[in-house]
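So this block is entry-v7.cif, mmCIF, C-alpha atoms and all ligand atoms:
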data_model
loop_
_atom_site.label_atom_id
_atom_site.label_comp_id
_atom_site.auth_asym_id
_atom_site.auth_seq_id
_atom_site.Cartn_x
_atom_site.Cartn_y
_atom_site.Cartn_z
CA MET A 23 -31.71 -1.84 -3.36
CA PHE A 24 -35.26 -3.21 -3.37
CA PRO A 25 -37.24 -2.00 -0.38
CA LEU A 26 -38.87 -4.37 2.12
CA LEU A 27 -41.41 -1.69 2.88
CA GLN A 28 -42.66 1.08 0.65
CA LEU A 29 -45.21 3.79 1.38
CA ASP A 30 -46.49 5.85 -1.55
CA GLY A 31 -48.51 9.00 -0.87
CA VAL A 32 -50.25 7.51 2.16
CA GLY A 33 -53.02 9.54 3.80
CA VAL A 34 -54.92 8.66 6.98
CA ARG A 35 -58.18 10.12 8.28
CA LEU A 36 -59.31 9.42 11.82
CA GLY A 37 -62.55 10.66 13.35
CA GLY A 38 -63.13 12.94 10.36
CA ARG A 39 -59.69 14.54 10.70
CA GLN A 40 -56.77 14.22 8.31
CA VAL A 41 -54.06 12.86 10.68
CA LEU A 42 -51.43 12.12 8.01
CA SER A 43 -51.12 13.09 4.36
CA ASP A 44 -48.77 12.29 1.50
CA VAL A 45 -46.45 9.98 3.45
CA SER A 46 -43.84 8.36 1.21
CA PHE A 47 -40.71 6.47 2.24
CA THR A 48 -38.99 3.13 1.85
CA VAL A 49 -37.12 0.87 4.25
CA GLY A 50 -34.61 -1.62 2.82
CA LYS A 51 -33.08 -4.85 4.11
CA GLY A 52 -30.82 -4.30 7.11
CA GLU A 53 -31.76 -0.63 7.27
CA PHE A 54 -32.39 1.14 10.60
CA ALA A 55 -35.13 3.72 10.25
CA ALA A 56 -36.79 5.83 12.93
CA ILE A 57 -40.13 7.64 12.94
CA ILE A 58 -39.54 10.74 15.04
CA GLY A 59 -42.14 13.27 16.11
CA PRO A 60 -43.88 14.92 19.06
CA ASN A 61 -46.81 13.41 20.98
CA GLY A 62 -49.87 13.07 18.79
CA ALA A 63 -47.89 13.52 15.56
CA GLY A 64 -49.15 10.22 14.17
CA LYS A 65 -46.29 7.78 14.88
CA THR A 66 -48.48 4.99 16.27
CA THR A 67 -51.02 5.61 13.52
CA LEU A 68 -48.30 5.20 10.90
CA ILE A 69 -47.13 1.92 12.44
CA ARG A 70 -50.73 0.63 12.60
CA VAL A 71 -51.21 1.52 8.95
CA ILE A 72 -48.06 -0.43 8.04
CA LEU A 73 -49.36 -3.41 10.02
CA GLY A 74 -52.68 -3.19 8.20
CA LEU A 75 -54.57 -2.43 11.41
CA ARG A 76 -55.74 0.97 10.13
CA PRO A 77 -57.11 1.76 6.69
CA THR A 78 -55.52 4.43 4.53
CA SER A 79 -57.58 7.16 2.88
CA ALA A 80 -55.05 7.59 0.08
CA GLY A 81 -51.91 5.99 -1.34
CA ARG A 82 -50.59 2.50 -0.76
CA VAL A 83 -48.41 0.45 1.57
CA ILE A 84 -46.35 -2.29 -0.06
CA LYS A 85 -44.73 -4.89 2.16
CA GLY A 86 -42.38 -7.57 0.99
CA VAL A 87 -41.31 -5.87 -2.21
CA ASN A 88 -38.15 -7.90 -1.97
CA GLY A 89 -39.94 -11.22 -1.76
CA ALA A 90 -40.65 -11.04 1.96
CA GLY A 91 -44.14 -12.29 2.72
CA ALA A 92 -46.42 -10.05 4.74
CA GLY A 93 -46.23 -12.60 7.55
CA ARG A 94 -42.57 -11.86 8.10
CA VAL A 95 -43.20 -8.70 10.10
CA GLY A 96 -42.40 -8.58 13.82
CA TYR A 97 -44.18 -6.02 16.01
CA VAL A 98 -43.51 -4.63 19.48
CA PRO A 99 -46.46 -2.42 20.54
CA GLN A 100 -46.14 0.85 22.47
CA LYS A 101 -47.39 -0.46 25.76
CA ILE A 102 -47.93 -3.87 27.29
CA VAL A 103 -48.75 -4.18 30.95
CA ILE A 104 -48.23 -7.64 32.41
CA ASP A 105 -49.21 -7.94 36.05
CA SER A 106 -46.54 -9.53 38.25
CA ASP A 107 -49.20 -11.97 39.56
CA ILE A 108 -49.62 -13.56 36.13
CA PRO A 109 -47.59 -16.78 36.04
CA LEU A 110 -46.14 -16.13 32.61
CA ARG A 111 -42.41 -16.68 32.20
CA ALA A 112 -40.20 -14.76 29.79
CA TRP A 113 -39.81 -18.04 27.89
CA ASP A 114 -43.62 -18.35 27.51
CA VAL A 115 -43.97 -14.82 26.15
CA VAL A 116 -41.37 -15.52 23.48
CA ALA A 117 -42.96 -18.90 22.66
CA LEU A 118 -46.31 -17.13 22.12
CA GLY A 119 -44.64 -15.39 19.18
CA LEU A 120 -44.72 -18.74 17.41
CA ASP A 121 -47.92 -20.04 15.94
CA GLY A 122 -49.66 -22.11 18.65
CA HIS A 123 -50.21 -25.32 16.72
CA LYS A 124 -46.78 -25.08 15.15
CA LEU A 125 -45.28 -24.78 18.61
CA GLY A 126 -46.87 -28.11 19.52
CA PHE A 127 -48.46 -27.22 22.85
CA PRO A 128 -48.36 -28.71 25.40
CA PHE A 129 -45.11 -30.37 24.34
CA PRO A 130 -43.15 -28.07 22.06
CA SER A 131 -40.81 -29.81 19.68
CA ARG A 132 -37.09 -29.61 20.18
CA ARG A 133 -36.78 -27.33 17.11
CA ARG A 134 -39.39 -24.92 18.53
CA ARG A 135 -37.63 -24.89 21.90
CA GLU A 136 -34.36 -24.09 20.16
CA GLN A 137 -36.00 -21.23 18.25
CA VAL A 138 -37.28 -19.69 21.50
CA GLU A 139 -33.88 -20.08 23.15
CA GLN A 140 -32.14 -18.56 20.13
CA ALA A 141 -34.44 -15.51 20.20
CA LEU A 142 -33.81 -15.09 23.94
CA GLN A 143 -30.10 -15.38 23.32
CA ASP A 144 -30.18 -12.87 20.44
CA VAL A 145 -31.54 -10.22 22.80
CA GLY A 146 -29.39 -11.23 25.78
CA ALA A 147 -32.35 -12.44 27.86
CA LEU A 148 -31.48 -16.11 28.28
CA GLY A 149 -30.39 -15.45 31.86
CA TYR A 150 -33.96 -14.67 32.94
CA ALA A 151 -35.85 -17.04 30.65
CA ASP A 152 -37.63 -18.61 33.64
CA ALA A 153 -38.46 -15.37 35.47
CA ARG A 154 -42.02 -14.03 35.60
CA VAL A 155 -42.24 -11.24 33.01
CA GLY A 156 -44.27 -9.03 35.34
CA GLU A 157 -41.38 -9.05 37.80
CA LEU A 158 -38.70 -8.06 35.26
CA SER A 159 -37.40 -4.49 34.95
CA GLY A 160 -38.58 -2.27 32.10
CA GLY A 161 -35.39 -2.87 30.11
CA GLU A 162 -35.57 -6.63 30.65
CA GLN A 163 -39.24 -6.70 29.60
CA GLN A 164 -38.38 -4.74 26.47
CA ARG A 165 -35.79 -7.38 25.53
CA VAL A 166 -38.33 -10.17 26.07
CA LEU A 167 -40.87 -8.37 23.86
CA ILE A 168 -38.24 -7.92 21.15
CA ALA A 169 -37.47 -11.66 21.40
CA HIS A 170 -41.23 -12.34 21.10
CA ALA A 171 -41.27 -10.34 17.85
CA LEU A 172 -38.03 -11.94 16.60
CA VAL A 173 -38.87 -15.59 17.17
CA SER A 174 -40.81 -15.88 13.91
CA ARG A 175 -37.67 -14.64 12.08
CA PRO A 176 -39.15 -11.44 10.62
CA GLN A 177 -37.44 -9.48 7.87
CA LEU A 178 -39.06 -6.29 9.09
CA LEU A 179 -39.23 -5.43 12.79
CA LEU A 180 -41.62 -2.64 13.84
CA LEU A 181 -41.32 -1.18 17.34
CA ASP A 182 -43.55 1.57 18.74
CA GLU A 183 -41.62 3.71 21.25
CA PRO A 184 -39.33 0.90 22.49
CA LEU A 185 -37.23 3.44 24.42
CA ALA A 186 -40.08 4.96 26.43
CA ASN A 187 -39.74 4.46 30.19
CA LEU A 188 -36.14 3.21 30.00
CA ASP A 189 -33.25 4.74 31.91
CA LEU A 190 -30.22 6.01 29.99
CA ARG A 191 -28.29 2.77 30.27
CA SER A 192 -31.15 0.46 29.21
CA GLU A 193 -31.95 2.89 26.41
CA GLN A 194 -28.40 2.63 25.06
CA GLU A 195 -28.41 -1.15 25.44
CA ILE A 196 -31.68 -1.52 23.49
CA VAL A 197 -30.44 0.86 20.75
CA THR A 198 -27.19 -1.14 20.45
CA LEU A 199 -29.15 -4.40 20.34
CA LEU A 200 -31.50 -3.15 17.60
CA GLY A 201 -28.55 -1.75 15.62
CA LYS A 202 -26.89 -5.16 15.83
CA LEU A 203 -30.06 -6.94 14.65
CA ALA A 204 -30.19 -4.64 11.64
CA ARG A 205 -26.51 -5.01 10.74
CA GLU A 206 -25.74 -8.62 11.60
CA HIS A 207 -29.11 -10.25 10.98
CA GLU A 208 -30.01 -7.89 8.11
CA ILE A 209 -33.41 -7.21 9.65
CA ALA A 210 -35.02 -3.95 8.57
CA VAL A 211 -35.76 -2.10 11.83
CA LEU A 212 -38.43 0.61 11.90
CA LEU A 213 -39.14 2.16 15.28
CA SER A 214 -40.82 5.26 16.63
CA ALA A 215 -39.44 7.64 19.24
CA HIS A 216 -39.99 11.22 20.35
CA ASP A 217 -36.25 11.87 20.92
CA MET A 218 -33.84 11.18 18.08
CA ASN A 219 -30.67 11.62 20.16
CA PRO A 220 -30.22 8.06 21.48
CA LEU A 221 -30.64 6.82 17.89
CA LEU A 222 -28.10 9.07 16.17
CA PRO A 223 -25.29 6.45 16.26
CA VAL A 224 -27.35 3.76 14.50
CA MET A 225 -30.05 5.49 12.48
CA ASP A 226 -29.73 5.25 8.65
CA ARG A 227 -32.98 7.03 7.88
CA ILE A 228 -35.19 9.45 9.77
CA ILE A 229 -38.91 9.79 9.08
CA TYR A 230 -39.78 13.04 10.82
CA VAL A 231 -43.53 13.45 11.43
CA ALA A 232 -45.07 16.80 12.27
CA ASN A 233 -48.14 18.75 11.29
CA GLY A 234 -49.61 15.71 9.52
CA LYS A 235 -46.70 15.45 7.09
CA VAL A 236 -43.34 13.68 6.96
CA ALA A 237 -39.84 14.56 5.85
CA THR A 238 -37.44 11.70 5.23
CA GLY A 239 -33.77 11.18 4.48
CA SER A 240 -30.58 11.13 6.54
CA THR A 241 -30.64 13.09 9.82
CA ASP A 242 -28.37 15.76 8.32
CA GLU A 243 -30.71 16.18 5.36
CA VAL A 244 -33.96 16.32 7.32
CA VAL A 245 -33.13 17.85 10.67
CA THR A 246 -32.26 21.42 9.70
CA SER A 247 -33.88 24.69 10.77
CA GLU A 248 -35.19 25.27 7.23
CA GLY A 249 -36.44 21.73 6.74
CA LEU A 250 -38.30 21.49 10.05
CA THR A 251 -39.65 25.05 9.76
CA ARG A 252 -41.21 24.00 6.44
CA LEU A 253 -42.59 20.79 7.96
CA TYR A 254 -44.05 22.36 11.12
CA GLY A 255 -45.29 25.40 9.22
CA HIS A 256 -43.88 27.75 11.84
CA PRO A 257 -40.34 28.84 12.84
CA VAL A 258 -38.21 26.08 14.38
CA ASP A 259 -34.53 26.20 15.29
CA VAL A 260 -32.32 23.13 15.20
CA LEU A 261 -29.34 23.35 17.51
CA ARG A 262 -26.45 20.91 17.58
CA VAL A 263 -24.78 20.86 20.97
CA ARG A 264 -22.03 18.36 21.87
CA GLY A 265 -23.25 15.80 19.35
CA ARG A 266 -26.87 16.18 20.47
CA VAL A 267 -29.66 17.63 18.38
CA VAL A 268 -32.17 19.97 20.01
CA VAL A 269 -35.29 21.16 18.20
CA VAL A 270 -36.60 24.46 19.58
CA ALA A 271 -39.87 26.13 18.62
CA GLY A 272 -39.19 29.64 17.38
CA ASP A 273 -41.43 32.66 17.94
N1 LIG A 301 -59.30 6.26 16.60
C1 LIG A 301 -59.03 7.56 16.51
N2 LIG A 301 -59.97 8.47 16.20
C2 LIG A 301 -59.71 9.77 16.10
N3 LIG A 301 -58.48 10.30 16.27
C3 LIG A 301 -57.48 9.46 16.59
C4 LIG A 301 -57.70 8.05 16.73
N4 LIG A 301 -56.51 7.46 17.04
C5 LIG A 301 -55.60 8.46 17.09
N5 LIG A 301 -56.18 9.66 16.82
C6 LIG A 301 -55.51 10.97 16.77
O1 LIG A 301 -54.49 10.88 15.78
C7 LIG A 301 -53.37 11.65 16.17
C8 LIG A 301 -52.12 10.79 16.12
O2 LIG A 301 -52.15 9.84 17.16
P1 LIG A 301 -50.98 8.82 17.37
O3 LIG A 301 -51.35 7.92 18.49
O4 LIG A 301 -50.64 8.18 16.08
O5 LIG A 301 -49.77 9.78 17.79
P2 LIG A 301 -48.31 9.41 18.31
O6 LIG A 301 -47.36 10.19 17.45
O7 LIG A 301 -48.14 7.96 18.36
O8 LIG A 301 -48.31 10.04 19.78
P3 LIG A 301 -47.53 9.55 21.12
O9 LIG A 301 -46.13 10.11 21.00
O10 LIG A 301 -48.29 10.23 22.21
O11 LIG A 301 -47.59 8.05 21.19
C9 LIG A 301 -53.69 12.20 17.55
O12 LIG A 301 -54.13 13.52 17.42
C10 LIG A 301 -54.80 11.30 18.05
O13 LIG A 301 -55.66 11.99 18.93
MG MG A 302 -47.72 6.63 19.87
#

Starting from the file, give its structure as structure tokens.
Ligand SMILES: Nc1ncnc2c1ncn2[C@@H]1O[C@H](COP(=O)(O)OP(=O)(O)OP(=O)(O)O)[C@@H](O)[C@H]1O
Ligand SMILES: [Mg+2]
Amino acid sequence: MFPLLQLDGVGVRLGGRQVLSDVSFTVGKGEFAAIIGPNGAGKTTLIRVILGLRPTSAGRVIKGVNGAGAGRVGYVPQKIVIDSDIPLRAWDVVALGLDGHKLGFPFPSRRRREQVEQALQDVGALGYADARVGELSGGEQQRVLIAHALVSRPQLLLLDEPLANLDLRSEQEIVTLLGKLAREHEIAVLLSAHDMNPLLPVMDRIIYVANGKVATGSTDEVVTSEGLTRLYGHPVDVLRVRGRVVVVAGD
């Protein structure tokens, strides 16, 4: 399978420090991949590099190997704070994902309106299309932001910590939704998270970041005591308890 995204030996230096080195992995059409790692590991940095917002110090990032243009990338950033006083409806936020002049402000064309409605429907947010985003719950806002990223029909969807600040139920709903987008719409989904457990049912590929390096493959291949001990450079135990994976720092 030709990858939609390919990283070859990517290195990143920030503030004179080598934050990431020798990062190589691919993400193919319809594949669900997760960047997993502790705080400060370099997850956001990696996503910014893929978006072209951060320069690399080594290696290369190839987008659209399978004919997808670089413009066909949807992005949901780690944090967006929208004050509840701002009169911006969920519908407006999604519409902003379309190019302004293409949308036809102030009178969007019927086709553009249908695209916005379709994106809202794809994420199950049509019911609160007219609500102020700032007044929506965290899980509802996350759906609206995903619709915002989806409305331009990307082939690659990048999400930075989309599960942060969600309760267990919303977390599961968002994971199910993203899994469905990957499978049914054949969108390559690449997200970051600090906990891999909610993603175990849907994740095809794990990109585990620690100590400035990555290990990639299936969860069973990467998340082992030996593998993570090598990556972290100090003893780590991987425990599997009732279908959950727990990574424990050794002594
Ligand atoms: N502009 C910068 N200059 C110098 N160092 C930076 C810069 N941006 C990030 N860093 C450092 O790079 C490392 C990786 O940061 P990054 O934000 O990518 O981590 P993360 O894995 O996304 O963490 P979190 O889970 O907290 O979101 C951190 O040590 C951070 O302090
Ligand atoms: Mg981050």

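What separates CA of Gly86 in chain A from atom P2 of ligand LIG 301 (chain A) is a distance of 25.0 Å.
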
Give one line per residue of chain A that approaches ligand MG 302 (chain A) to at most 8 Å, naming the two atoms of the closest pair and their distance in Å to one decimal, counting all atoms listed in the file; sort by chain then ascending residue number and deliver it as a Markdown table.
| residue | atom | partner | partner_atom | distance |
| --- | --- | --- | --- | --- |
| A:Asn61 | CA | A:MG302 | MG | 6.9 |
| A:Gly62 | CA | A:MG302 | MG | 6.9 |
| A:Gly64 | CA | A:MG302 | MG | 6.9 |
| A:Lys65 | CA | A:MG302 | MG | 5.3 |
| A:Thr66 | CA | A:MG302 | MG | 4.0 |
| A:Thr67 | CA | A:MG302 | MG | 7.2 |
| A:Gln100 | CA | A:MG302 | MG | 6.5 |
| A:Asp182 | CA | A:MG302 | MG | 6.7 |
| A:Glu183 | CA | A:MG302 | MG | 6.9 |
| A:Ser214 | CA | A:MG302 | MG | 7.7 |

*Which residues sit within 12 Å of ligand LIG 301 (chain A), counting all atoms listed in the file, listed as number ranges by chain?*
A: 34-42, 57-71, 75-77, 99-101, 181-186, 213-217, 229-236

Based on the selection just made, write C-alpha atoms of those residues as a PDB file, in the coordinates of the input.
ATOM      1  CA  VAL A  34     -54.920   8.660   6.980  1.00  0.00           C
ATOM      2  CA  ARG A  35     -58.180  10.120   8.280  1.00  0.00           C
ATOM      3  CA  LEU A  36     -59.310   9.420  11.820  1.00  0.00           C
ATOM      4  CA  GLY A  37     -62.550  10.660  13.350  1.00  0.00           C
ATOM      5  CA  GLY A  38     -63.130  12.940  10.360  1.00  0.00           C
ATOM      6  CA  ARG A  39     -59.690  14.540  10.700  1.00  0.00           C
ATOM      7  CA  GLN A  40     -56.770  14.220   8.310  1.00  0.00           C
ATOM      8  CA  VAL A  41     -54.060  12.860  10.680  1.00  0.00           C
ATOM      9  CA  LEU A  42     -51.430  12.120   8.010  1.00  0.00           C
ATOM     10  CA  ILE A  57     -40.130   7.640  12.940  1.00  0.00           C
ATOM     11  CA  ILE A  58     -39.540  10.740  15.040  1.00  0.00           C
ATOM     12  CA  GLY A  59     -42.140  13.270  16.110  1.00  0.00           C
ATOM     13  CA  PRO A  60     -43.880  14.920  19.060  1.00  0.00           C
ATOM     14  CA  ASN A  61     -46.810  13.410  20.980  1.00  0.00           C
ATOM     15  CA  GLY A  62     -49.870  13.070  18.790  1.00  0.00           C
ATOM     16  CA  ALA A  63     -47.890  13.520  15.560  1.00  0.00           C
ATOM     17  CA  GLY A  64     -49.150  10.220  14.170  1.00  0.00           C
ATOM     18  CA  LYS A  65     -46.290   7.780  14.880  1.00  0.00           C
ATOM     19  CA  THR A  66     -48.480   4.990  16.270  1.00  0.00           C
ATOM     20  CA  THR A  67     -51.020   5.610  13.520  1.00  0.00           C
ATOM     21  CA  LEU A  68     -48.300   5.200  10.900  1.00  0.00           C
ATOM     22  CA  ILE A  69     -47.130   1.920  12.440  1.00  0.00           C
ATOM     23  CA  ARG A  70     -50.730   0.630  12.600  1.00  0.00           C
ATOM     24  CA  VAL A  71     -51.210   1.520   8.950  1.00  0.00           C
ATOM     25  CA  LEU A  75     -54.570  -2.430  11.410  1.00  0.00           C
ATOM     26  CA  ARG A  76     -55.740   0.970  10.130  1.00  0.00           C
ATOM     27  CA  PRO A  77     -57.110   1.760   6.690  1.00  0.00           C
ATOM     28  CA  PRO A  99     -46.460  -2.420  20.540  1.00  0.00           C
ATOM     29  CA  GLN A 100     -46.140   0.850  22.470  1.00  0.00           C
ATOM     30  CA  LYS A 101     -47.390  -0.460  25.760  1.00  0.00           C
ATOM     31  CA  LEU A 181     -41.320  -1.180  17.340  1.00  0.00           C
ATOM     32  CA  ASP A 182     -43.550   1.570  18.740  1.00  0.00           C
ATOM     33  CA  GLU A 183     -41.620   3.710  21.250  1.00  0.00           C
ATOM     34  CA  PRO A 184     -39.330   0.900  22.490  1.00  0.00           C
ATOM     35  CA  LEU A 185     -37.230   3.440  24.420  1.00  0.00           C
ATOM     36  CA  ALA A 186     -40.080   4.960  26.430  1.00  0.00           C
ATOM     37  CA  LEU A 213     -39.140   2.160  15.280  1.00  0.00           C
ATOM     38  CA  SER A 214     -40.820   5.260  16.630  1.00  0.00           C
ATOM     39  CA  ALA A 215     -39.440   7.640  19.240  1.00  0.00           C
ATOM     40  CA  HIS A 216     -39.990  11.220  20.350  1.00  0.00           C
ATOM     41  CA  ASP A 217     -36.250  11.870  20.920  1.00  0.00           C
ATOM     42  CA  ILE A 229     -38.910   9.790   9.080  1.00  0.00           C
ATOM     43  CA  TYR A 230     -39.780  13.040  10.820  1.00  0.00           C
ATOM     44  CA  VAL A 231     -43.530  13.450  11.430  1.00  0.00           C
ATOM     45  CA  ALA A 232     -45.070  16.800  12.270  1.00  0.00           C
ATOM     46  CA  ASN A 233     -48.140  18.750  11.290  1.00  0.00           C
ATOM     47  CA  GLY A 234     -49.610  15.710   9.520  1.00  0.00           C
ATOM     48  CA  LYS A 235     -46.700  15.450   7.090  1.00  0.00           C
ATOM     49  CA  VAL A 236     -43.340  13.680   6.960  1.00  0.00           C
TER      50      VAL A 236
END

_Surrounding residues of range 144-155 of chain A excluding itself and chain neighbours under 4 positions, 10 Å, all atoms listed in the file, as a PyMOL selection string_ = chain A and resi 103-116+138-140+159-160+162-169+172-173+195-196+199-200+202-203+207

*Of the candidates A:Gly119, A:Gly81, A:Pro176, A:Gly249, which shows the shortest atom-to-atom distance to Leu29 in chain A, using only C-alpha atoms?*
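Under the stated criterion, the closest residue is A:Gly81.
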
*Could you check which of A:Leu120, A:Leu178, A:Leu142, A:Val268 is closest to Glu208 in chain A, using only C-alpha atoms?*
A:Leu178

_Just the number, please: distance in Å from CA of Ala204 in chain A to CA of Leu253 in chain A, one decimal._
28.5 Å

Listed atoms of range 27-32 of chain A boxed along x, y and z, 6 Å each side, centre and edge lengths in Å, one decimal, as lines of an AutoDock Vina configuration file:
center_x = -45.8
center_y = 3.7
center_z = 0.7
size_x = 20.8
size_y = 22.7
size_z = 16.4

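Nearest to Pro220 in chain A of all the residues A:Ser131, A:Ala56, A:Asp242, A:Val98 is A:Ala56, counting all atoms listed in the file.
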
*Skipping near chain neighbours, those fewer than 5 positions away, what residues fall within 8 Å of Lys51 in chain A using only C-alpha atoms, listed as a PyMOL selection string?*
chain A and resi 24-26+177-178+208-210

*What is the CA of Arg132 in chain A-CA of Ala171 in chain A distance in Å, reported with one decimal?*
19.9 Å

*Which residue out of A:Gly201, A:Gly272, A:Gly156, A:Gly96 has the minimum interatomic distance to Leu222 in chain A when only C-alpha atoms are used?*
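Of A:Gly201, A:Gly272, A:Gly156, A:Gly96, the one nearest Leu222 in chain A, counting only C-alpha atoms, is A:Gly201.
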
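If you measure from each of A:Val95, A:Ser174, A:Asn187, A:Gln28 to Ala117 in chain A using only C-alpha atoms, the closest one turns out to be A:Ser174.
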
*For Ala55 in chain A, list every protein, DNA or RNA residue within 6 Å, evaluated using all atoms listed in the file, and leave out those in the same chain fewer than 4 positions away; present the list as a list in words.*
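So the residues in contact are Leu212, Met225, Asp226, Arg227 and Ile228 of chain A.
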
*From A:Leu158, A:Glu243, A:Thr78, A:Leu179, residue lying nearest Val49 in chain A [only C-alpha atoms]*: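 Under the stated criterion, the closest residue is A:Leu179.
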
Put range 203-222 of chain A into a file with N, CA and C atoms, as a PDB file, in the first residue's frame.
ATOM      1  N   LEU A 203     -14.544   6.994  10.779  1.00  0.00           N
ATOM      2  CA  LEU A 203     -14.052   7.858   9.694  1.00  0.00           C
ATOM      3  C   LEU A 203     -12.923   7.170   8.936  1.00  0.00           C
ATOM      4  N   ALA A 204     -12.051   6.492   9.688  1.00  0.00           N
ATOM      5  CA  ALA A 204     -10.935   5.788   9.051  1.00  0.00           C
ATOM      6  C   ALA A 204     -11.456   4.631   8.196  1.00  0.00           C
ATOM      7  N   ARG A 205     -12.330   3.828   8.765  1.00  0.00           N
ATOM      8  CA  ARG A 205     -12.802   2.619   8.069  1.00  0.00           C
ATOM      9  C   ARG A 205     -13.741   2.938   6.921  1.00  0.00           C
ATOM     10  N   GLU A 206     -14.796   3.709   7.222  1.00  0.00           N
ATOM     11  CA  GLU A 206     -15.852   3.919   6.222  1.00  0.00           C
ATOM     12  C   GLU A 206     -15.517   5.005   5.212  1.00  0.00           C
ATOM     13  N   HIS A 207     -14.811   6.040   5.660  1.00  0.00           N
ATOM     14  CA  HIS A 207     -14.486   7.132   4.730  1.00  0.00           C
ATOM     15  C   HIS A 207     -13.060   7.012   4.211  1.00  0.00           C
ATOM     16  N   GLU A 208     -12.355   5.963   4.671  1.00  0.00           N
ATOM     17  CA  GLU A 208     -10.966   5.710   4.256  1.00  0.00           C
ATOM     18  C   GLU A 208     -10.039   6.906   4.470  1.00  0.00           C
ATOM     19  N   ILE A 209     -10.313   7.650   5.560  1.00  0.00           N
ATOM     20  CA  ILE A 209      -9.438   8.762   5.911  1.00  0.00           C
ATOM     21  C   ILE A 209      -8.313   8.199   6.776  1.00  0.00           C
ATOM     22  N   ALA A 210      -7.089   8.615   6.500  1.00  0.00           N
ATOM     23  CA  ALA A 210      -5.984   8.220   7.373  1.00  0.00           C
ATOM     24  C   ALA A 210      -6.065   9.108   8.614  1.00  0.00           C
ATOM     25  N   VAL A 211      -6.178   8.502   9.786  1.00  0.00           N
ATOM     26  CA  VAL A 211      -6.293   9.260  11.031  1.00  0.00           C
ATOM     27  C   VAL A 211      -4.982   9.121  11.812  1.00  0.00           C
ATOM     28  N   LEU A 212      -4.396  10.272  12.163  1.00  0.00           N
ATOM     29  CA  LEU A 212      -3.185  10.260  12.985  1.00  0.00           C
ATOM     30  C   LEU A 212      -3.428  11.193  14.158  1.00  0.00           C
ATOM     31  N   LEU A 213      -3.488  10.629  15.360  1.00  0.00           N
ATOM     32  CA  LEU A 213      -3.749  11.462  16.526  1.00  0.00           C
ATOM     33  C   LEU A 213      -2.685  11.245  17.577  1.00  0.00           C
ATOM     34  N   SER A 214      -2.634  12.168  18.548  1.00  0.00           N
ATOM     35  CA  SER A 214      -1.712  11.978  19.657  1.00  0.00           C
ATOM     36  C   SER A 214      -2.514  11.798  20.935  1.00  0.00           C
ATOM     37  N   ALA A 215      -1.926  11.060  21.867  1.00  0.00           N
ATOM     38  CA  ALA A 215      -2.580  10.821  23.158  1.00  0.00           C
ATOM     39  C   ALA A 215      -1.523  10.383  24.155  1.00  0.00           C
ATOM     40  N   HIS A 216      -1.765  10.612  25.449  1.00  0.00           N
ATOM     41  CA  HIS A 216      -0.790  10.119  26.422  1.00  0.00           C
ATOM     42  C   HIS A 216      -1.173   8.737  26.936  1.00  0.00           C
ATOM     43  N   ASP A 217      -2.453   8.349  26.775  1.00  0.00           N
ATOM     44  CA  ASP A 217      -2.909   7.023  27.206  1.00  0.00           C
ATOM     45  C   ASP A 217      -3.361   6.235  25.984  1.00  0.00           C
ATOM     46  N   MET A 218      -2.780   5.062  25.791  1.00  0.00           N
ATOM     47  CA  MET A 218      -3.133   4.273  24.605  1.00  0.00           C
ATOM     48  C   MET A 218      -4.402   3.452  24.823  1.00  0.00           C
ATOM     49  N   ASN A 219      -4.819   3.271  26.079  1.00  0.00           N
ATOM     50  CA  ASN A 219      -5.895   2.314  26.362  1.00  0.00           C
ATOM     51  C   ASN A 219      -7.214   2.564  25.639  1.00  0.00           C
ATOM     52  N   PRO A 220      -7.705   3.815  25.606  1.00  0.00           N
ATOM     53  CA  PRO A 220      -8.981   4.024  24.906  1.00  0.00           C
ATOM     54  C   PRO A 220      -8.885   3.706  23.414  1.00  0.00           C
ATOM     55  N   LEU A 221      -7.650   3.678  22.878  1.00  0.00           N
ATOM     56  CA  LEU A 221      -7.455   3.525  21.431  1.00  0.00           C
ATOM     57  C   LEU A 221      -7.226   2.083  21.012  1.00  0.00           C
ATOM     58  N   LEU A 222      -7.006   1.191  21.990  1.00  0.00           N
ATOM     59  CA  LEU A 222      -6.652  -0.189  21.658  1.00  0.00           C
ATOM     60  C   LEU A 222      -7.634  -0.856  20.688  1.00  0.00           C
TER      61      LEU A 222
END
